[in-house]
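Shown next: run.txt, given as compact mmCIF, C-alpha atoms and all ligand atoms.
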# COMPACT_ATOMS: atom_id res chain seq x y z
CA MET A 9 -19.50 28.30 -5.31
CA ALA A 10 -22.76 27.90 -7.28
CA GLN A 11 -23.27 30.82 -9.67
CA LYS A 12 -19.66 31.95 -9.15
CA ARG A 13 -18.59 34.03 -12.15
CA ILE A 14 -15.26 32.91 -13.51
CA LEU A 15 -13.44 34.67 -16.30
CA LEU A 16 -11.01 32.19 -17.86
CA GLY A 17 -8.09 33.70 -19.78
CA VAL A 18 -6.38 31.33 -22.21
CA THR A 19 -2.95 32.30 -23.56
CA GLY A 20 -0.74 30.71 -26.22
CA GLY A 21 0.62 27.28 -25.36
CA ILE A 22 -0.04 23.63 -26.12
CA ALA A 23 -1.70 23.27 -22.70
CA ALA A 24 -4.56 25.46 -24.05
CA TYR A 25 -6.36 22.28 -25.11
CA LYS A 26 -6.57 21.21 -21.44
CA SER A 27 -8.44 24.42 -20.61
CA ALA A 28 -11.44 23.08 -22.53
CA GLU A 29 -11.74 20.39 -19.85
CA LEU A 30 -11.29 23.05 -17.16
CA VAL A 31 -14.33 24.93 -18.53
CA ARG A 32 -16.36 21.72 -18.45
CA LEU A 33 -15.39 21.01 -14.82
CA LEU A 34 -16.15 24.57 -13.65
CA LYS A 35 -19.53 24.54 -15.44
CA LYS A 36 -20.32 21.15 -13.88
CA ALA A 37 -19.58 22.67 -10.44
CA GLY A 38 -22.26 25.32 -11.10
CA CYS A 39 -20.02 28.23 -12.09
CA SER A 40 -20.76 30.71 -14.83
CA VAL A 41 -17.72 30.82 -17.13
CA ARG A 42 -16.71 33.34 -19.81
CA VAL A 43 -13.58 32.81 -21.86
CA VAL A 44 -11.11 35.38 -23.19
CA MET A 45 -8.42 34.13 -25.58
CA THR A 46 -5.22 35.80 -26.67
CA SER A 47 -4.19 35.61 -30.34
CA GLY A 48 -1.54 33.05 -29.32
CA ALA A 49 -4.20 30.83 -27.77
CA GLU A 50 -6.23 30.93 -31.00
CA ALA A 51 -3.30 29.30 -32.78
CA PHE A 52 -3.83 26.20 -30.59
CA VAL A 53 -7.62 25.96 -29.99
CA THR A 54 -10.54 27.62 -31.74
CA PRO A 55 -12.88 30.00 -29.89
CA LEU A 56 -15.76 27.76 -31.01
CA THR A 57 -14.55 24.99 -28.66
CA PHE A 58 -14.75 27.29 -25.65
CA GLN A 59 -18.03 28.81 -26.84
CA ALA A 60 -19.63 25.35 -27.08
CA LEU A 61 -18.41 24.37 -23.59
CA SER A 62 -19.09 27.65 -21.79
CA GLY A 63 -22.35 28.48 -23.56
CA GLU A 64 -21.07 32.07 -23.92
CA ALA A 65 -19.52 34.01 -26.78
CA VAL A 66 -15.72 33.99 -26.52
CA ARG A 67 -13.94 37.37 -26.49
CA THR A 68 -10.64 37.66 -28.37
CA SER A 69 -10.13 41.34 -29.10
CA LEU A 70 -10.08 44.58 -27.13
CA LEU A 71 -11.05 46.71 -30.11
CA ASP A 72 -14.09 44.76 -31.33
CA PRO A 73 -17.00 47.24 -31.64
CA SER A 74 -19.71 44.56 -31.81
CA ALA A 75 -18.45 42.70 -28.72
CA GLU A 76 -17.94 45.96 -26.83
CA ALA A 77 -21.53 46.90 -27.68
CA GLY A 78 -22.63 43.81 -25.71
CA MET A 79 -20.57 43.63 -22.51
CA GLY A 80 -17.77 46.21 -22.64
CA HIS A 81 -14.36 45.22 -21.27
CA ILE A 82 -14.76 47.27 -18.08
CA GLU A 83 -18.15 45.64 -17.46
CA LEU A 84 -16.55 42.24 -18.10
CA ALA A 85 -13.79 43.02 -15.58
CA LYS A 86 -16.44 43.96 -13.01
CA TRP A 87 -18.57 40.89 -13.83
CA ALA A 88 -15.83 38.42 -12.79
CA ASP A 89 -15.66 37.12 -9.22
CA ILE A 90 -12.29 35.64 -10.12
CA ILE A 91 -10.00 35.66 -13.18
CA VAL A 92 -8.16 32.41 -13.89
CA VAL A 93 -5.42 32.50 -16.55
CA ALA A 94 -4.68 28.92 -17.65
CA PRO A 95 -2.38 28.32 -19.35
CA ALA A 96 -0.37 31.43 -18.53
CA SER A 97 2.60 31.72 -20.91
CA ALA A 98 5.97 33.24 -19.96
CA ASN A 99 5.06 36.21 -22.18
CA PHE A 100 1.73 36.75 -20.40
CA MET A 101 3.37 36.48 -16.96
CA ALA A 102 5.92 39.11 -18.01
CA ARG A 103 3.23 41.49 -19.28
CA LEU A 104 1.04 40.96 -16.20
CA ALA A 105 4.03 41.54 -13.89
CA GLN A 106 4.67 44.87 -15.66
CA GLY A 107 0.99 45.92 -15.56
CA MET A 108 0.74 46.12 -19.36
CA ALA A 109 -2.67 46.49 -20.98
CA ASP A 110 -2.01 45.89 -24.67
CA ASP A 111 -4.67 43.26 -25.39
CA LEU A 112 -8.06 42.28 -23.98
CA LEU A 113 -6.85 39.81 -21.32
CA SER A 114 -4.07 42.02 -19.92
CA THR A 115 -6.46 44.99 -19.93
CA LEU A 116 -9.07 43.00 -17.98
CA CYS A 117 -6.40 42.04 -15.43
CA CYS A 118 -5.57 45.73 -14.98
CA ALA A 119 -9.24 46.72 -14.76
CA THR A 120 -10.47 44.06 -12.34
CA GLU A 121 -10.55 44.18 -8.56
CA ALA A 122 -11.20 40.42 -8.42
CA PRO A 123 -8.47 37.92 -7.44
CA ILE A 124 -6.37 36.70 -10.36
CA VAL A 125 -5.15 33.10 -10.42
CA VAL A 126 -2.20 32.47 -12.74
CA VAL A 127 -1.53 28.88 -13.85
CA PRO A 128 1.81 28.81 -15.69
CA ALA A 129 2.63 26.41 -18.51
CA MET A 130 5.84 26.56 -20.50
CA ASN A 131 9.03 24.74 -21.42
CA GLN A 132 11.15 23.87 -18.38
CA ALA A 133 14.08 26.06 -19.50
CA MET A 134 11.74 29.02 -19.99
CA TRP A 135 10.33 28.43 -16.50
CA LYS A 136 13.80 28.27 -14.94
CA ASN A 137 15.05 31.34 -16.85
CA HIS A 138 16.02 34.09 -14.42
CA ARG A 139 13.80 36.66 -16.16
CA THR A 140 10.75 34.39 -15.81
CA GLN A 141 11.66 33.78 -12.17
CA ARG A 142 12.00 37.54 -11.63
CA ASN A 143 8.51 38.06 -13.11
CA LEU A 144 7.22 35.21 -10.94
CA SER A 145 8.58 36.97 -7.83
CA LEU A 146 6.76 40.14 -8.83
CA LEU A 147 3.50 38.23 -9.33
CA GLU A 148 3.90 36.37 -6.03
CA ALA A 149 4.44 39.65 -4.20
CA ASP A 150 1.18 41.04 -5.63
CA PRO A 151 -1.65 40.50 -3.09
CA GLN A 152 -4.26 40.30 -5.88
CA ILE A 153 -2.48 37.46 -7.66
CA ARG A 154 -2.00 33.80 -6.79
CA VAL A 155 0.18 31.47 -8.84
CA LEU A 156 -0.79 27.77 -9.01
CA GLY A 157 1.86 25.30 -10.11
CA PRO A 158 3.50 24.52 -12.39
CA ASP A 159 3.67 20.76 -12.20
CA GLN A 160 6.73 18.88 -13.34
CA GLY A 161 7.28 15.90 -15.61
CA ASP A 162 7.26 15.09 -19.36
CA GLN A 163 6.68 18.08 -21.61
CA ALA A 164 5.13 18.24 -25.10
CA CYS A 165 8.54 19.31 -26.54
CA GLY A 166 10.23 16.18 -25.14
CA ASP A 167 11.94 17.92 -22.20
CA VAL A 168 11.38 16.79 -18.63
CA GLY A 169 11.15 19.22 -15.71
CA PRO A 170 9.00 21.93 -14.13
CA GLY A 171 6.62 23.86 -16.41
CA ARG A 172 3.66 21.56 -17.09
CA MET A 173 0.29 23.11 -16.44
CA LEU A 174 -1.53 21.59 -13.44
CA GLU A 175 -4.22 19.11 -14.48
CA PRO A 176 -7.67 20.68 -15.06
CA GLN A 177 -9.18 18.81 -12.09
CA ALA A 178 -6.46 20.15 -9.78
CA ILE A 179 -7.01 23.72 -11.05
CA ALA A 180 -10.79 23.40 -10.67
CA ASP A 181 -10.40 21.97 -7.14
CA ARG A 182 -8.13 24.85 -6.14
CA VAL A 183 -10.36 27.51 -7.69
CA LEU A 184 -13.49 26.01 -6.13
CA LEU A 185 -11.85 25.48 -2.73
CA ASP A 186 -10.31 28.91 -2.77
CA THR A 187 -13.59 30.68 -2.30
CA PRO A 188 -13.93 31.32 0.57
CA ARG A 189 -10.17 31.08 1.21
CA SER A 190 -10.40 28.57 4.02
CA LEU A 191 -6.93 29.34 5.46
CA ALA A 192 -6.67 33.08 4.80
CA GLY A 193 -4.17 34.58 7.23
CA VAL A 194 -3.30 31.20 8.80
CA ARG A 195 0.41 30.30 9.26
CA VAL A 196 1.14 26.75 8.12
CA VAL A 197 4.43 24.88 8.51
CA ILE A 198 4.89 21.60 6.60
CA THR A 199 7.79 19.14 6.80
CA ALA A 200 8.49 17.19 3.61
CA GLY A 201 10.86 14.76 1.97
CA PRO A 202 13.45 12.44 3.50
CA THR A 203 16.33 13.13 5.86
CA ARG A 204 19.88 11.91 5.27
CA GLU A 205 22.04 10.61 8.10
CA ALA A 206 25.72 10.50 7.22
CA ILE A 207 27.76 7.31 7.61
CA ASP A 208 30.92 8.78 6.13
CA PRO A 209 31.63 11.71 3.75
CA VAL A 210 30.04 9.89 0.78
CA ARG A 211 27.35 7.58 2.24
CA TYR A 212 24.15 8.10 4.18
CA ILE A 213 21.01 6.38 5.52
CA SER A 214 17.79 7.65 3.95
CA ASN A 215 14.46 6.51 2.44
CA HIS A 216 12.35 6.77 -0.73
CA SER A 217 10.40 9.94 0.11
CA SER A 218 10.28 12.28 -2.91
CA GLY A 219 8.66 15.20 -1.09
CA LYS A 220 5.72 15.18 -3.56
CA MET A 221 3.05 14.78 -0.86
CA GLY A 222 4.41 17.60 1.31
CA TYR A 223 5.02 19.96 -1.63
CA ALA A 224 1.50 19.33 -2.98
CA LEU A 225 0.05 20.09 0.48
CA ALA A 226 2.12 23.27 0.67
CA ALA A 227 0.77 24.42 -2.72
CA ALA A 228 -2.80 23.58 -1.66
CA ALA A 229 -2.44 25.42 1.66
CA HIS A 230 -1.03 28.44 -0.19
CA ALA A 231 -3.94 28.29 -2.65
CA ALA A 232 -6.32 28.30 0.34
CA GLY A 233 -4.77 31.60 1.45
CA ALA A 234 -2.29 30.36 4.08
CA ASP A 235 1.16 31.76 4.72
CA VAL A 236 3.19 28.57 4.15
CA THR A 237 6.72 27.47 5.09
CA LEU A 238 8.13 24.12 3.99
CA VAL A 239 10.90 22.54 6.04
CA SER A 240 12.26 20.28 3.34
CA GLY A 241 14.71 17.43 3.18
CA PRO A 242 16.75 16.94 -0.02
CA VAL A 243 14.28 16.55 -2.95
CA MET A 244 14.26 17.25 -6.70
CA LEU A 245 11.12 19.42 -6.75
CA PRO A 246 10.71 23.09 -7.67
CA ARG A 247 9.70 25.48 -4.90
CA PRO A 248 5.89 25.80 -4.97
CA ALA A 249 4.93 29.35 -5.95
CA GLY A 250 4.40 31.61 -2.96
CA VAL A 251 5.82 29.12 -0.44
CA ALA A 252 8.99 29.71 1.63
CA VAL A 253 11.34 26.70 1.72
CA LEU A 254 13.86 26.00 4.50
CA PRO A 255 16.20 23.25 3.26
CA ILE A 256 17.48 20.74 5.82
CA VAL A 257 19.45 17.50 5.58
CA THR A 258 19.32 15.56 8.86
CA ALA A 259 16.61 14.78 11.43
CA GLU A 260 18.41 17.04 13.90
CA ASP A 261 18.35 19.89 11.33
CA MET A 262 14.65 19.24 10.84
CA LEU A 263 13.94 19.60 14.56
CA ALA A 264 16.03 22.79 14.87
CA SER A 265 14.54 24.48 11.76
CA SER A 266 10.97 23.46 12.63
CA MET A 267 11.32 24.76 16.19
CA ARG A 268 12.72 28.06 14.90
CA VAL A 269 9.92 28.59 12.41
CA VAL A 270 7.23 27.57 14.96
CA ASP A 271 8.80 29.99 17.49
CA ALA A 272 8.25 32.73 14.91
CA GLY A 273 4.51 31.86 14.73
CA CYS A 274 2.61 28.82 13.48
CA ASP A 275 -1.09 27.92 13.57
CA ILE A 276 -1.01 24.54 11.80
CA PHE A 277 1.94 22.10 11.67
CA ILE A 278 1.77 19.23 9.15
CA ALA A 279 4.48 16.55 9.21
CA THR A 280 4.64 14.63 5.92
CA ALA A 281 8.40 14.09 6.11
CA ALA A 282 9.81 10.58 6.30
CA VAL A 283 12.39 11.26 9.00
CA ALA A 284 15.11 8.69 9.66
CA ASP A 285 14.36 7.27 13.11
CA TYR A 286 18.05 6.47 13.69
CA ARG A 287 21.41 8.00 12.73
CA PRO A 288 24.92 6.53 12.93
CA LEU A 289 26.43 7.16 16.35
CA THR A 290 29.49 8.58 14.62
CA CYS A 291 30.23 9.77 11.11
CA ALA A 292 33.62 8.58 9.83
CA ASP A 293 35.98 11.42 8.82
CA GLN A 294 37.18 9.52 5.76
CA LYS A 295 35.41 7.21 3.31
CA LEU A 296 35.08 3.75 4.92
CA LYS A 297 37.17 1.10 3.15
CA LYS A 298 35.73 -2.31 2.36
CA SER A 299 38.52 -4.17 4.09
CA GLN A 300 36.26 -6.42 6.17
CA GLU A 301 33.46 -8.85 5.14
CA GLU A 302 30.97 -7.44 7.64
CA LEU A 303 30.46 -3.95 8.92
CA SER A 304 28.35 -3.06 11.94
CA LEU A 305 27.02 0.43 12.42
CA ALA A 306 26.00 1.64 15.87
CA LEU A 307 22.82 3.70 15.51
CA VAL A 308 21.20 6.14 17.93
CA ARG A 309 17.61 7.44 18.02
CA ASN A 310 16.88 10.71 16.27
CA PRO A 311 14.73 13.41 17.86
CA ASP A 312 11.06 13.34 16.89
CA THR A 313 10.13 16.74 15.44
CA LEU A 314 6.38 16.10 15.32
CA ALA A 315 6.22 14.92 18.95
CA ALA A 316 8.34 17.90 20.04
CA ILE A 317 6.04 20.40 18.27
CA ALA A 318 2.86 18.73 19.57
CA GLY A 319 4.34 18.71 23.10
CA ARG A 320 4.92 22.48 23.24
CA THR A 321 2.74 24.46 25.63
CA ASP A 322 1.89 26.73 22.66
CA ALA A 323 1.41 23.76 20.30
CA PRO A 324 -0.22 24.60 16.96
CA PHE A 325 -2.95 22.41 15.42
CA THR A 326 -0.77 19.39 14.67
CA VAL A 327 -1.19 16.85 11.87
CA GLY A 328 1.06 13.80 11.45
CA PHE A 329 1.37 11.23 8.69
CA ALA A 330 1.94 7.52 9.32
CA ALA A 331 3.41 5.41 6.51
CA GLU A 332 2.69 1.78 7.38
CA THR A 333 2.96 -1.56 5.61
CA SER A 334 0.58 -3.49 7.91
CA ASP A 335 -2.12 -2.77 10.51
CA VAL A 336 -2.19 0.74 9.07
CA ILE A 337 -5.13 2.13 11.04
CA ARG A 338 -4.05 0.55 14.33
CA TYR A 339 -0.48 1.89 14.13
CA ALA A 340 -1.66 5.32 12.94
CA THR A 341 -4.21 5.55 15.79
CA ASP A 342 -1.47 4.66 18.24
CA LYS A 343 0.70 7.53 16.88
CA LEU A 344 -2.26 9.94 17.04
CA THR A 345 -2.66 9.22 20.75
CA ARG A 346 0.98 8.76 21.73
CA LYS A 347 2.17 11.97 20.03
CA HIS A 348 -0.90 14.01 21.21
CA LEU A 349 -1.88 15.04 17.66
CA ASN A 350 -5.06 16.70 16.42
CA MET A 351 -5.11 14.52 13.32
CA ILE A 352 -3.09 11.80 11.60
CA ILE A 353 -3.10 10.74 7.97
CA ALA A 354 -2.75 6.95 7.79
CA ASN A 355 -0.86 6.08 4.63
CA GLY A 356 -0.73 2.39 3.63
CA VAL A 357 2.40 2.10 1.51
CA SER A 358 2.44 -1.60 0.57
CA GLN A 359 -0.04 -1.17 -2.31
CA ALA A 360 1.64 -0.46 -5.69
CA GLY A 361 1.19 3.07 -7.05
CA VAL A 362 0.59 4.88 -3.74
CA GLY A 363 2.74 6.22 -0.91
CA PHE A 364 6.44 6.86 -1.46
CA ASN A 365 7.66 8.53 -4.63
CA GLY A 366 4.64 8.09 -6.96
CA ASP A 367 2.26 10.82 -8.11
CA GLU A 368 -0.78 9.26 -6.42
CA ASN A 369 -1.81 8.37 -2.91
CA ALA A 370 -4.71 6.87 -0.93
CA VAL A 371 -5.08 7.68 2.78
CA THR A 372 -7.39 7.70 5.79
CA ALA A 373 -7.55 10.80 7.97
CA LEU A 374 -8.06 9.96 11.67
CA TRP A 375 -8.83 12.30 14.53
CA PRO A 376 -10.13 11.71 18.08
CA GLY A 377 -13.64 10.37 17.48
CA GLY A 378 -13.70 10.25 13.69
CA GLN A 379 -12.17 9.29 10.38
CA GLN A 380 -12.48 9.92 6.62
CA VAL A 381 -11.25 7.70 3.80
CA PHE A 382 -9.69 9.26 0.68
CA GLY A 383 -9.47 6.86 -2.29
CA GLN A 384 -6.56 6.76 -4.72
CA GLU A 385 -6.01 10.00 -6.66
CA THR A 386 -3.17 12.34 -7.55
CA LYS A 387 -1.26 13.85 -4.62
CA VAL A 388 -2.16 17.28 -6.03
CA ASN A 389 -5.92 16.60 -5.92
CA LEU A 390 -5.76 14.75 -2.62
CA SER A 391 -3.93 17.71 -1.07
CA GLY A 392 -6.80 20.07 -1.89
CA ARG A 393 -9.21 17.77 -0.05
CA LEU A 394 -6.90 17.20 2.92
CA ILE A 395 -6.30 20.94 3.33
CA ALA A 396 -10.09 21.54 3.27
CA LEU A 397 -10.54 18.90 6.01
CA ILE A 398 -7.65 20.24 8.10
CA ALA A 399 -9.01 23.81 7.74
CA GLU A 400 -12.46 22.66 8.91
CA HIS A 401 -11.04 20.96 12.04
CA TYR A 402 -8.60 23.80 12.77
CA ARG A 403 -11.45 26.34 12.56
CA ALA A 404 -13.67 24.24 14.85
CA ILE A 405 -10.95 24.09 17.53
CA ALA A 406 -10.02 27.78 17.15
CA HIS A 407 -13.73 28.64 17.47
CA SER A 408 -14.24 26.57 20.64
CA ASN A 409 -11.02 28.04 22.15
CA ASN A 410 -12.34 31.57 21.44
CA GLN A 411 -15.66 30.70 23.07
CA SER A 412 -14.02 29.38 26.25
CA ASP A 413 -11.72 32.46 26.37
CA SER A 414 -14.69 34.81 26.19
CA SER A 415 -16.65 32.89 28.86
CA GLU A 416 -13.59 33.12 31.15
CA VAL A 417 -13.48 36.89 30.59
CA LYS A 418 -17.22 37.16 31.44
CA SER A 419 -17.00 35.05 34.63
O1 LIG B 1 7.40 12.17 -0.10
P1 LIG B 1 6.53 11.25 -0.95
O2 LIG B 1 7.35 10.41 -1.90
O3 LIG B 1 5.40 11.99 -1.64
O4 LIG B 1 5.84 10.19 0.04
C1 LIG B 1 4.90 10.61 0.98
C2 LIG B 1 5.04 9.84 2.30
C3 LIG B 1 4.72 8.37 2.09
C4 LIG B 1 6.46 9.98 2.86
C5 LIG B 1 4.02 10.50 3.30
O5 LIG B 1 2.71 10.41 2.77
C6 LIG B 1 4.04 9.85 4.67
O6 LIG B 1 3.34 8.89 4.93
N1 LIG B 1 4.87 10.40 5.56
C7 LIG B 1 5.13 9.83 6.92
C8 LIG B 1 6.34 8.93 6.83
C9 LIG B 1 6.55 8.05 8.04
O7 LIG B 1 6.94 6.95 7.90
O8 LIG B 1 6.28 8.59 9.18
P2 LIG B 1 6.53 7.81 10.63
O9 LIG B 1 5.45 6.82 10.81
O10 LIG B 1 7.96 7.37 10.74
O11 LIG B 1 6.35 9.05 11.58
C10 LIG B 1 5.09 9.49 12.04
C11 LIG B 1 5.05 11.00 11.99
O12 LIG B 1 6.07 11.55 12.83
C12 LIG B 1 5.26 11.58 10.63
O13 LIG B 1 4.41 12.70 10.52
C13 LIG B 1 6.73 12.03 10.64
O14 LIG B 1 6.95 13.16 9.79
C14 LIG B 1 6.93 12.39 12.10
N2 LIG B 1 8.30 12.15 12.58
C15 LIG B 1 8.77 10.88 12.66
C16 LIG B 1 10.05 10.64 13.15
C17 LIG B 1 10.85 11.73 13.56
N3 LIG B 1 12.07 11.55 14.02
N4 LIG B 1 10.35 12.98 13.45
C18 LIG B 1 9.11 13.20 12.99
O15 LIG B 1 8.68 14.37 12.89
Would you encode the structure as structure tokens?
Amino acid sequence: MAQKRILLGVTGGIAAYKSAELVRLLKKAGCSVRVVMTSGAEAFVTPLTFQALSGEAVRTSLLDPSAEAGMGHIELAKWADIIVVAPASANFMARLAQGMADDLLSTLCCATEAPIVVVPAMNQAMWKNHRTQRNLSLLEADPQIRVLGPDQGDQACGDVGPGRMLEPQAIADRVLLDTPRSLAGVRVVITAGPTREAIDPVRYISNHSSGKMGYALAAAAHAAGADVTLVSGPVMLPRPAGVAVLPIVTAEDMLASSMRVVDAGCDIFIATAAVADYRPLTCADQKLKKSQEELSLALVRNPDTLAAIAGRTDAPFTVGFAAETSDVIRYATDKLTRKHLNMIIANGVSQAGVGFNGDENAVTALWPGGQQVFGQETKVNLSGRLIALIAEHYRAIAHSNNQSDSSEVKS
């Protein structure tokens, strides 16, 4: 990535201040960065901030004779190895989706042949609006464009929901990892979230999985160029841009949907879901009444999706997760061997702030003959690193399989 030429477009939104940090991180990684600001962005941050951080004059206008005399806009479009628009407002997404070229940044996006990464940031209602979603679909269908995020959580306006710009470190990680796109053309299926096993029409057995780990991995795999499908239990997360989601409820649904999607073609299968190991033997037709002091439920074992996928004769590269409260590495290693996996991510969940539900995690990746520790960080950042590791191992196995195929053909 050293010397990579990144053109950063900044549009109007409060998240524009975070893009200053993004410039710093990209410069630190050895990239050459030039910034183009829209007039809306200038209302939030001054060009001088970006000039000081990038070490380059900031461009703000298409019709600026002195700037055009230096590097004209077509030259600038050709200079960029990648255009990153962060934050990308709803207005910019709409204009990009329509191919408009009515200011410098939109013109550069029309003139470039480089990949364009769009990092949305807006109020949650604007993000959910059907017109924004329609523009998002157009952008996602465009092979030159990749959409990263948005994140969800507290917003500057006081709302809570999807629309926050990804953190600068997460954007930088994705942009840096993306080149080369380590999973270009690879089909990835990821299970995420909890399952629910009905006791009666209003009650169920479940667990605390929020789906955040699986959704972050799906976004990271998509950013690395993969064709990603999420088989997802019930969660409160927005669909990651560019990722297909198959909603399921029970462990049996999860097995059926995963098998169907793997039948259709899958190179890497990653199981982050916290699947209920047991379900009630029967589900009562009517709500159970609390007429007795004690209630016993007969439970039966659920099918194991991960083991079933790894046991197929056409098994993909298979990665499991193991959430453990004690002897984490020992139990995870046992699952790696017993389920015939290529890799397992050991996830200690007794430490506060990691594992179920939170935004951060700390894990150890284990594979036959090796391991790598990942310290505590956001699930978004961690996912970029895990996907890079998985891609490396997947490629190594695919390469050695190709070699043995070709030696068989020769002999
Ligand atoms: O969703 P979050 O709130 O972000 O939390 C993330 C997480 C803690 C759920 C995740 O990081 C994690 O550790 N997931 C594994 C949960 C678990 O307890 O797995 P397990 O040890 O029961 O199962 C081992 C593996 O087999 C897992 O990959 C699991 O998806 C899979 N499995 C298990 C049982 C079953 N019936 N089917 C399966 O596919």
Here is a test: counting all atoms listed in the file, which residue of A:Gly377, A:Gly392, A:Gly169, A:Pro176 is nearest to Ala232 in chain A?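 Once distances to Ala232 in chain A are computed over all atoms listed in the file, the minimum belongs to A:Gly392.
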From the options A:Val66, A:Leu303, A:Leu147, A:Leu314, which residue's atoms come nearest to Val43 in chain A, counting only C-alpha atoms? A:Val66
In Å, with one decimal, what is the gap from CA of Gly219 in chain A to atom O10 of ligand LIG 1 (chain B)?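 Those two atoms sit 14.2 Å apart.
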Mind running chain A against ligand LIG 1 (chain B) at 6 Å and telling me each contacting residue's nearest atom pair with the distance in Å (one decimal), counting all atoms listed in the file, chain and number ascending, as a tab-separated table?
residue	atom	partner	partner_atom	distance
A:Gly201	CA	B:LIG1	O1	4.8
A:Ser217	CA	B:LIG1	O2	3.7
A:Ser218	CA	B:LIG1	O2	3.6
A:Gly219	CA	B:LIG1	O1	3.4
A:Lys220	CA	B:LIG1	O3	3.7
A:Met221	CA	B:LIG1	O3	3.7
A:Ala279	CA	B:LIG1	O13	4.1
A:Thr280	CA	B:LIG1	N1	4.3
A:Ala281	CA	B:LIG1	O14	4.1
A:Ala282	CA	B:LIG1	C8	3.9
A:Val283	CA	B:LIG1	C16	4.8
A:Asp285	CA	B:LIG1	N3	4.9
A:Asn310	CA	B:LIG1	N3	5.4
A:Pro311	CA	B:LIG1	N3	5.0
A:Asp312	CA	B:LIG1	N3	3.5
A:Thr313	CA	B:LIG1	O15	3.8
A:Leu314	CA	B:LIG1	O15	3.8
A:Gly328	CA	B:LIG1	O13	3.6
A:Phe329	CA	B:LIG1	O13	3.8
A:Ala330	CA	B:LIG1	O9	3.9
A:Ala331	CA	B:LIG1	O6	3.8
A:Asn355	CA	B:LIG1	O6	5.1
A:Gly363	CA	B:LIG1	C3	4.2
A:Phe364	CA	B:LIG1	O2	3.7
A:Asn365	CA	B:LIG1	O2	3.3
Please produce a file of the residues just selected, as an mmCIF file, keeping the file's coordinate frame, where the atoms kept are C-alpha atoms.
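out_6.cif was written with the following content:
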data_model
loop_
_atom_site.group_PDB
_atom_site.id
_atom_site.type_symbol
_atom_site.label_atom_id
_atom_site.label_comp_id
_atom_site.auth_asym_id
_atom_site.auth_seq_id
_atom_site.Cartn_x
_atom_site.Cartn_y
_atom_site.Cartn_z
ATOM 1 C CA GLY A 201 10.860 14.760 1.970
ATOM 2 C CA SER A 217 10.400 9.940 0.110
ATOM 3 C CA SER A 218 10.280 12.280 -2.910
ATOM 4 C CA GLY A 219 8.660 15.200 -1.090
ATOM 5 C CA LYS A 220 5.720 15.180 -3.560
ATOM 6 C CA MET A 221 3.050 14.780 -0.860
ATOM 7 C CA ALA A 279 4.480 16.550 9.210
ATOM 8 C CA THR A 280 4.640 14.630 5.920
ATOM 9 C CA ALA A 281 8.400 14.090 6.110
ATOM 10 C CA ALA A 282 9.810 10.580 6.300
ATOM 11 C CA VAL A 283 12.390 11.260 9.000
ATOM 12 C CA ASP A 285 14.360 7.270 13.110
ATOM 13 C CA ASN A 310 16.880 10.710 16.270
ATOM 14 C CA PRO A 311 14.730 13.410 17.860
ATOM 15 C CA ASP A 312 11.060 13.340 16.890
ATOM 16 C CA THR A 313 10.130 16.740 15.440
ATOM 17 C CA LEU A 314 6.380 16.100 15.320
ATOM 18 C CA GLY A 328 1.060 13.800 11.450
ATOM 19 C CA PHE A 329 1.370 11.230 8.690
ATOM 20 C CA ALA A 330 1.940 7.520 9.320
ATOM 21 C CA ALA A 331 3.410 5.410 6.510
ATOM 22 C CA ASN A 355 -0.860 6.080 4.630
ATOM 23 C CA GLY A 363 2.740 6.220 -0.910
ATOM 24 C CA PHE A 364 6.440 6.860 -1.460
ATOM 25 C CA ASN A 365 7.660 8.530 -4.630
#
Quick one: residues within 8 Å of Asn389 in chain A, all atoms listed in the file counted, chain neighbours fewer than 2 positions away excluded, as number ranges by chain? A: 177-178, 181, 385-387, 391-393
Please enclose the listed atoms of range 201-219 of chain A in an axis-aligned box, pad each side by 8 Å, and write out the centre and the three edge lengths in Å, rounded to one decimal, as JSON.
{"center_x": 20.1, "center_y": 10.8, "center_z": 2.6, "size_x": 39.0, "size_y": 24.8, "size_z": 27.0}
List the neighbours of range 191-200 of chain A out to 9 Å using all atoms listed in the file; skip same-chain residues closer than 2 positions along the sequence, and give me the result as a PyMOL selection string. chain A and resi 186+188-189+202+217-223+225-226+229-241+243+262+266+269-270+273-283+395-396+399+403
In Å, rounded to a single decimal, give me how far CA of Pro209 in chain A is from CA of Lys297 in chain A. 12.0 Å
Using CA of Val371 in chain A and CA of Ala354 in chain A as the two end points, give the distance in Å to one decimal.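 Between CA of Val371 in chain A and CA of Ala354 in chain A the gap works out to 5.6 Å.
Taking all atoms listed in the file into account, Val155 in chain A lies nearest to A:Pro248 out of the set A:Ala37, A:Ala316, A:Thr115, A:Pro248.
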Fewer than 3 positions away in the same chain doesn't count, so skip those; otherwise give me all residues within 10 Å of Phe58 in chain A, counting all atoms listed in the file, as a ChimeraX atom specification. /A:16,18,25,27-29,31-32,41-45,53-55,61-66
